[in-house]
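Next up, final-v5.cif (mmCIF, C-alpha atoms):
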data_data
loop_
_atom_site.label_atom_id
_atom_site.label_comp_id
_atom_site.auth_asym_id
_atom_site.auth_seq_id
_atom_site.Cartn_x
_atom_site.Cartn_y
_atom_site.Cartn_z
CA MET A 10 156.68 70.35 169.76
CA GLU A 11 154.23 68.94 172.25
CA ASP A 12 150.47 68.77 172.39
CA LEU A 13 148.47 71.61 173.86
CA GLY A 14 147.87 70.06 177.24
CA PRO A 15 144.50 69.95 179.00
CA VAL A 16 142.09 70.31 176.08
CA MET A 17 139.09 68.16 175.25
CA TRP A 18 139.99 66.21 172.12
CA PRO A 19 138.61 65.75 169.62
CA PRO A 20 136.27 68.72 169.66
CA GLU A 21 133.03 68.68 167.74
CA PRO A 22 133.71 69.60 164.11
CA ILE A 23 134.12 73.34 163.68
CA ARG A 24 131.98 74.74 160.88
CA THR A 25 132.66 78.01 159.13
CA GLU A 26 130.81 79.57 156.22
CA ARG A 27 132.54 77.24 153.72
CA LEU A 28 134.71 74.81 155.66
CA VAL A 29 134.71 72.10 158.30
CA LEU A 30 137.65 71.64 160.69
CA ARG A 31 137.67 68.13 162.10
CA GLU A 32 139.81 65.31 163.38
CA PRO A 33 141.72 63.36 160.68
CA GLU A 34 140.10 60.18 159.35
CA SER A 35 141.31 57.27 157.22
CA ARG A 36 139.73 58.85 154.10
CA ASP A 37 142.25 61.72 154.44
CA ARG A 38 145.35 59.55 153.97
CA GLY A 39 145.73 60.26 150.23
CA ALA A 40 145.36 64.02 150.73
CA PHE A 41 147.96 63.96 153.54
CA ILE A 42 150.40 62.17 151.25
CA GLU A 43 149.68 64.68 148.48
CA LEU A 44 150.20 67.56 150.94
CA LEU A 45 153.52 66.22 152.25
CA ALA A 46 154.83 65.27 148.78
CA SER A 47 153.93 68.59 147.11
CA PRO A 48 156.93 70.66 145.97
CA GLU A 49 154.72 73.79 145.93
CA VAL A 50 153.52 73.30 149.51
CA HIS A 51 157.04 72.64 150.75
CA THR A 52 158.84 75.47 148.94
CA TYR A 53 159.40 77.18 152.31
CA LEU A 54 159.24 74.07 154.50
CA GLY A 55 162.46 72.29 153.62
CA GLY A 56 161.26 70.50 150.50
CA PRO A 57 158.78 67.71 149.85
CA ARG A 58 159.05 64.15 151.10
CA PRO A 59 159.33 61.35 148.53
CA ARG A 60 155.87 59.97 147.73
CA ASP A 61 157.01 56.31 147.96
CA GLU A 62 158.35 56.93 151.51
CA LEU A 63 155.09 58.58 152.49
CA GLU A 64 153.02 55.73 151.04
CA HIS A 65 155.02 53.31 153.18
CA GLU A 66 155.22 55.38 156.40
CA THR A 67 151.85 57.15 156.61
CA PRO A 68 149.45 55.37 158.98
CA GLU A 69 145.90 54.57 157.97
CA VAL A 70 144.69 57.56 160.00
CA PRO A 71 147.43 60.19 159.68
CA GLU A 72 148.23 63.05 162.08
CA ARG A 73 145.71 61.98 164.70
CA TRP A 74 146.68 63.92 167.82
CA PRO A 75 145.28 66.88 169.76
CA GLY A 76 145.71 70.10 167.81
CA SER A 77 145.70 68.54 164.31
CA PHE A 78 142.68 69.63 162.30
CA VAL A 79 141.79 68.53 158.79
CA VAL A 80 140.35 71.40 156.76
CA GLU A 81 137.54 70.08 154.61
CA LEU A 82 135.76 71.73 151.70
CA ASP A 83 132.75 70.02 150.14
CA GLY A 84 133.63 66.71 151.80
CA ALA A 85 137.30 66.63 150.75
CA MET A 86 140.46 67.52 152.66
CA ILE A 87 142.16 70.65 151.31
CA GLY A 88 144.58 71.35 154.14
CA GLN A 89 145.69 70.97 157.72
CA ILE A 90 145.82 73.30 160.71
CA LEU A 91 148.31 72.47 163.45
CA LEU A 92 148.22 73.82 166.98
CA ARG A 93 151.07 72.53 169.16
CA ARG A 94 153.03 73.73 172.16
CA ALA A 95 156.32 75.32 171.04
CA THR A 96 158.51 73.70 173.69
CA GLY A 97 161.64 73.12 171.63
CA HIS A 98 161.47 76.31 169.57
CA GLN A 99 164.76 77.97 168.61
CA ARG A 100 163.56 81.36 169.86
CA PRO A 101 162.99 82.04 173.58
CA ALA A 102 160.01 84.30 172.81
CA ALA A 103 158.12 81.30 171.39
CA ALA A 104 159.00 78.66 173.98
CA GLY A 105 155.99 77.21 175.76
CA LYS A 106 153.41 79.12 173.74
CA ALA A 107 150.80 77.66 171.40
CA ASP A 108 152.23 77.49 167.87
CA LEU A 109 150.02 77.78 164.77
CA GLY A 110 150.99 75.96 161.60
CA TYR A 111 149.07 75.33 158.41
CA MET A 112 149.45 73.66 155.02
CA PHE A 113 146.98 73.77 152.14
CA LEU A 114 146.97 71.98 148.82
CA PRO A 115 147.86 74.31 145.93
CA ARG A 116 144.40 73.93 144.37
CA ALA A 117 142.99 75.60 147.52
CA TRP A 118 145.29 78.64 147.41
CA GLY A 119 143.94 82.10 146.69
CA PHE A 120 140.37 81.62 147.92
CA GLY A 121 140.75 82.76 151.54
CA TYR A 122 140.37 79.23 152.94
CA ALA A 123 143.55 79.45 155.02
CA ALA A 124 142.42 82.68 156.68
CA GLU A 125 138.94 81.29 157.36
CA ALA A 126 140.26 77.99 158.76
CA CYS A 127 143.04 79.55 160.86
CA ALA A 128 140.65 82.11 162.35
CA ALA A 129 138.25 79.31 163.31
CA ALA A 130 141.07 77.26 164.88
CA LEU A 131 142.28 80.31 166.82
CA ASP A 132 138.72 80.94 168.07
CA TRP A 133 138.57 77.31 169.22
CA LEU A 134 141.89 77.73 171.04
CA ALA A 135 140.67 80.92 172.74
CA THR A 136 137.76 78.91 174.16
CA ALA A 137 139.76 75.76 174.97
CA LEU A 138 142.70 77.60 176.56
CA PRO A 139 141.58 81.12 177.48
CA GLY A 140 144.36 83.68 177.72
CA GLU A 141 146.77 81.67 175.57
CA PRO A 142 149.11 83.71 173.35
CA VAL A 143 149.92 82.11 169.99
CA VAL A 144 153.11 82.24 167.91
CA LEU A 145 153.68 81.62 164.22
CA THR A 146 156.96 81.21 162.34
CA THR A 147 157.38 81.54 158.58
CA GLN A 148 160.08 82.41 156.11
CA THR A 149 160.06 86.08 155.20
CA ALA A 150 160.21 85.01 151.54
CA ASN A 151 156.81 83.33 151.92
CA VAL A 152 154.76 86.40 151.02
CA GLY A 153 151.41 84.62 151.25
CA SER A 154 152.13 83.33 154.74
CA MET A 155 153.35 86.75 155.85
CA ARG A 156 150.08 88.32 154.61
CA LEU A 157 148.03 85.65 156.36
CA ALA A 158 149.91 86.21 159.64
CA ALA A 159 149.14 89.94 159.49
CA LYS A 160 145.48 89.30 158.63
CA LEU A 161 145.19 86.97 161.65
CA GLY A 162 146.60 89.62 164.00
CA PHE A 163 150.17 88.38 164.44
CA THR A 164 152.82 91.04 164.92
CA GLU A 165 156.54 90.65 164.51
CA VAL A 166 158.57 89.64 167.55
CA GLU A 167 161.82 89.02 165.72
CA ARG A 168 163.55 87.81 162.60
CA PHE A 169 166.25 85.18 162.65
CA GLU A 170 168.26 82.95 160.37
CA ALA A 171 167.45 79.23 160.25
CA TRP A 172 167.49 76.56 157.59
CA SER A 173 169.53 78.90 155.33
CA ALA A 174 166.74 81.48 155.19
CA GLU A 175 165.43 84.47 157.09
CA GLN A 176 162.57 83.47 159.41
CA TRP A 177 159.84 85.64 160.88
CA LEU A 178 158.43 85.01 164.35
CA GLY A 179 155.10 86.64 165.08
CA MET A 180 152.90 86.59 168.16
CA ARG A 181 149.18 87.03 168.58
CA PRO A 182 148.14 88.19 172.03
CA PRO A 183 145.37 86.35 173.86
CA VAL A 184 141.93 87.14 172.50
CA THR A 185 138.41 86.36 173.54
CA PRO A 186 136.52 83.94 171.29
CA SER A 187 134.39 85.53 168.58
CA GLY A 188 131.85 82.77 169.21
#

Give the structure from the file, written as C-alpha coordinates.
Amino acid sequence: MEDLGPVMWPPEPIRTERLVLREPESRDRGAFIELLASPEVHTYLGGPRPRDELEHETPEVPERWPGSFVVELDGAMIGQILLRRATGHQRPAAAGKADLGYMFLPRAWGFGYAAEACAAALDWLATALPGEPVVLTTQTANVGSMRLAAKLGFTEVERFEAWSAEQWLGMRPPVTPSG
(Lines of atoms letter the chains of each structure in order from A and count residues from 1; the text may use other names and numbers.)
(Lines give C-alpha, C1' and ligand atoms only; values in the text may rest on other atoms or scores of the structure.)
Protein backbone atom coordinates (compact mmCIF):
# COMPACT_ATOMS: atom_id res chain seq x y z
CA MET A 1 0.00 0.00 0.00
CA GLU A 2 1.11 3.52 -0.75
CA ASP A 3 -0.13 6.92 0.30
CA LEU A 4 -2.85 8.66 -1.66
CA GLY A 5 -0.61 10.96 -3.63
CA PRO A 6 -1.21 14.68 -4.10
CA VAL A 7 -3.41 15.49 -1.10
CA MET A 8 -2.98 18.26 1.43
CA TRP A 9 -2.02 16.59 4.70
CA PRO A 10 -2.98 16.85 7.42
CA PRO A 11 -6.42 18.25 6.71
CA GLU A 12 -8.27 20.30 9.27
CA PRO A 13 -10.01 17.96 11.72
CA ILE A 14 -13.22 16.58 10.26
CA ARG A 15 -16.18 16.97 12.60
CA THR A 16 -19.33 14.89 12.39
CA GLU A 17 -22.35 14.94 14.67
CA ARG A 18 -20.52 12.89 17.33
CA LEU A 19 -16.94 12.35 16.18
CA VAL A 20 -13.73 14.07 15.18
CA LEU A 21 -11.41 12.60 12.54
CA ARG A 22 -7.91 13.97 12.93
CA GLU A 23 -4.23 13.26 12.53
CA PRO A 24 -2.73 10.89 15.14
CA GLU A 25 -1.05 12.47 18.18
CA SER A 26 1.21 11.16 20.94
CA ARG A 27 -1.80 10.88 23.31
CA ASP A 28 -3.21 8.16 20.99
CA ARG A 29 -0.31 5.73 21.48
CA GLY A 30 -2.03 3.66 24.20
CA ALA A 31 -5.24 3.35 22.18
CA PHE A 32 -3.25 2.27 19.09
CA ILE A 33 -1.55 -0.44 21.13
CA GLU A 34 -4.92 -1.54 22.53
CA LEU A 35 -6.37 -1.62 19.00
CA LEU A 36 -3.51 -3.68 17.55
CA ALA A 37 -3.36 -6.07 20.53
CA SER A 38 -7.12 -6.74 20.68
CA PRO A 39 -8.14 -10.32 19.83
CA GLU A 40 -11.69 -9.10 19.08
CA VAL A 41 -10.53 -6.42 16.64
CA HIS A 42 -8.20 -8.85 14.88
CA THR A 43 -10.56 -11.83 14.59
CA TYR A 44 -10.69 -11.28 10.82
CA LEU A 45 -7.34 -9.52 10.44
CA GLY A 46 -4.87 -12.32 11.06
CA GLY A 47 -4.83 -12.18 14.85
CA PRO A 48 -3.60 -9.64 17.38
CA ARG A 49 0.00 -8.55 17.86
CA PRO A 50 1.65 -9.25 21.23
CA ARG A 51 1.26 -6.24 23.52
CA ASP A 52 4.92 -6.32 24.66
CA GLU A 53 6.08 -6.14 21.01
CA LEU A 54 3.75 -3.23 20.37
CA GLU A 55 4.93 -1.38 23.48
CA HIS A 56 8.50 -1.70 22.21
CA GLU A 57 7.86 -0.98 18.49
CA THR A 58 5.13 1.67 18.48
CA PRO A 59 6.53 5.18 17.98
CA GLU A 60 5.54 8.06 20.22
CA VAL A 61 3.17 9.30 17.50
CA PRO A 62 1.85 6.16 15.78
CA GLU A 63 0.50 5.83 12.23
CA ARG A 64 1.33 9.39 11.23
CA TRP A 65 1.07 9.42 7.44
CA PRO A 66 -1.36 10.80 4.86
CA GLY A 67 -4.62 8.87 4.92
CA SER A 68 -4.46 7.76 8.58
CA PHE A 69 -7.22 9.31 10.65
CA VAL A 70 -7.79 8.86 14.37
CA VAL A 71 -11.49 8.63 15.18
CA GLU A 72 -12.14 10.49 18.40
CA LEU A 73 -15.22 10.45 20.61
CA ASP A 74 -15.42 12.82 23.58
CA GLY A 75 -11.68 13.49 23.43
CA ALA A 76 -10.55 9.85 23.30
CA MET A 77 -9.48 7.68 20.37
CA ILE A 78 -11.98 4.91 19.59
CA GLY A 79 -10.71 3.82 16.19
CA GLN A 80 -8.76 4.44 13.03
CA ILE A 81 -9.72 5.07 9.41
CA LEU A 82 -7.13 4.21 6.76
CA LEU A 83 -7.15 5.48 3.20
CA ARG A 84 -4.22 4.19 1.13
CA ARG A 85 -3.50 3.46 -2.51
CA ALA A 86 -3.99 -0.26 -3.23
CA THR A 87 -0.87 -0.70 -5.36
CA GLY A 88 0.13 -4.19 -4.26
CA HIS A 89 -3.37 -5.63 -3.93
CA GLN A 90 -3.87 -9.29 -4.82
CA ARG A 91 -6.83 -8.48 -7.07
CA PRO A 92 -6.39 -6.56 -10.36
CA ALA A 93 -9.73 -4.77 -9.87
CA ALA A 94 -8.34 -3.04 -6.76
CA ALA A 95 -4.87 -2.13 -8.00
CA GLY A 96 -4.17 1.59 -7.98
CA LYS A 97 -7.47 2.58 -6.39
CA ALA A 98 -8.00 4.21 -3.01
CA ASP A 99 -8.49 1.50 -0.38
CA LEU A 100 -10.61 2.07 2.75
CA GLY A 101 -9.74 0.30 5.97
CA TYR A 102 -10.99 0.78 9.50
CA MET A 103 -10.55 -0.61 13.00
CA PHE A 104 -12.55 0.32 16.09
CA LEU A 105 -12.13 -0.66 19.71
CA PRO A 106 -14.76 -3.19 20.82
CA ARG A 107 -16.27 -0.72 23.30
CA ALA A 108 -17.20 1.47 20.30
CA TRP A 109 -18.97 -1.29 18.35
CA GLY A 110 -22.71 -1.18 17.76
CA PHE A 111 -23.25 2.58 17.97
CA GLY A 112 -22.87 3.52 14.30
CA TYR A 113 -19.51 5.24 14.83
CA ALA A 114 -17.78 3.27 12.06
CA ALA A 115 -20.44 4.23 9.52
CA GLU A 116 -20.35 7.89 10.58
CA ALA A 117 -16.53 8.06 10.52
CA CYS A 118 -16.11 6.16 7.24
CA ALA A 119 -18.74 8.31 5.51
CA ALA A 120 -16.91 11.45 6.67
CA ALA A 121 -13.55 10.10 5.47
CA LEU A 122 -15.07 9.17 2.09
CA ASP A 123 -16.55 12.68 1.78
CA TRP A 124 -13.09 14.12 2.51
CA LEU A 125 -11.57 11.87 -0.17
CA ALA A 126 -14.22 12.94 -2.71
CA THR A 127 -13.13 16.55 -2.15
CA ALA A 128 -9.37 15.84 -1.97
CA LEU A 129 -9.31 13.51 -5.00
CA PRO A 130 -12.46 14.09 -7.06
CA GLY A 131 -13.52 11.18 -9.22
CA GLU A 132 -11.59 8.61 -7.19
CA PRO A 133 -13.20 5.15 -6.93
CA VAL A 134 -12.64 3.39 -3.60
CA VAL A 135 -12.23 -0.32 -2.82
CA LEU A 136 -12.71 -2.24 0.40
CA THR A 137 -11.74 -5.82 1.23
CA THR A 138 -13.12 -7.84 4.13
CA GLN A 139 -13.67 -11.46 5.04
CA THR A 140 -17.14 -12.65 4.14
CA ALA A 141 -17.38 -14.08 7.67
CA ASN A 142 -17.11 -10.56 9.10
CA VAL A 143 -20.84 -9.83 9.05
CA GLY A 144 -20.51 -6.39 10.63
CA SER A 145 -17.95 -5.25 8.07
CA MET A 146 -20.06 -6.63 5.23
CA ARG A 147 -23.08 -4.64 6.50
CA LEU A 148 -20.97 -1.49 6.82
CA ALA A 149 -19.64 -1.89 3.27
CA ALA A 150 -23.19 -2.12 1.91
CA LYS A 151 -24.33 0.88 3.99
CA LEU A 152 -21.42 2.93 2.59
CA GLY A 153 -22.38 2.08 -1.01
CA PHE A 154 -19.80 -0.58 -1.84
CA THR A 155 -20.92 -3.30 -4.22
CA GLU A 156 -19.30 -6.66 -4.77
CA VAL A 157 -16.64 -6.93 -7.45
CA GLU A 158 -15.48 -10.42 -6.57
CA ARG A 159 -14.82 -12.98 -3.88
CA PHE A 160 -11.51 -14.74 -3.51
CA GLU A 161 -9.58 -16.97 -1.15
CA ALA A 162 -6.73 -15.47 0.88
CA TRP A 163 -5.31 -16.03 4.32
CA SER A 164 -7.29 -19.30 4.58
CA ALA A 165 -10.63 -17.48 4.33
CA GLU A 166 -13.07 -16.21 1.74
CA GLN A 167 -12.52 -12.49 1.06
CA TRP A 168 -14.94 -9.96 -0.38
CA LEU A 169 -13.78 -7.12 -2.61
CA GLY A 170 -16.20 -4.25 -3.01
CA MET A 171 -15.97 -1.01 -4.94
CA ARG A 172 -17.63 2.34 -4.44
CA PRO A 173 -17.87 4.45 -7.57
CA PRO A 174 -16.73 8.06 -7.48
CA VAL A 175 -19.18 10.33 -5.70
CA THR A 176 -19.50 14.04 -5.21
CA PRO A 177 -18.89 15.30 -1.66
CA SER A 178 -21.98 15.66 0.51
CA GLY A 179 -20.36 18.78 1.97

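If only C-alpha atoms are the atoms counted, then among A:Glu72, A:Glu62, A:Glu141, A:Glu165 the closest residue to Gln89 of chain A is A:Glu72.
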
(message) Set the distance at 7 Å and use only C-alpha atoms: which residues neighbour segment 113-130 of chain A once local chain neighbours fewer than 2 positions away are removed? I'd like the list as a ChimeraX atom specification.
(response) /A:44,49-50,80,87-90,111,132-134,157,161

(message) Would you compute the distance between atom CA of Ala40 of chain A and atom CA of Ala158 of chain A? Give it in Å to one decimal.
(response)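 A separation of 24.3 Å between them.
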
Taking all atoms of segment 10-29 of chain A that the file lists, what box with edges along x, y and z, padded by 6 Å per side, do you get, with centre and edge lengths in Å to one decimal, as AutoDock Vina command-line options?
--center_x 143.7 --center_y 72.7 --center_z 166.4 --size_x 37.9 --size_y 25.8 --size_z 37.3

(request) I need the residue set behind the PyMOL selection byres ((chain A and resi 63) around 10) for this file; please write it as a list in words. (result) Arg38, Gly39, Phe41, Ile42, Glu43, Leu45, Ala46, Arg58, Pro59, Arg60, Asp61, Glu62, Glu64, His65, Glu66, Thr67 and Pro68 of chain A
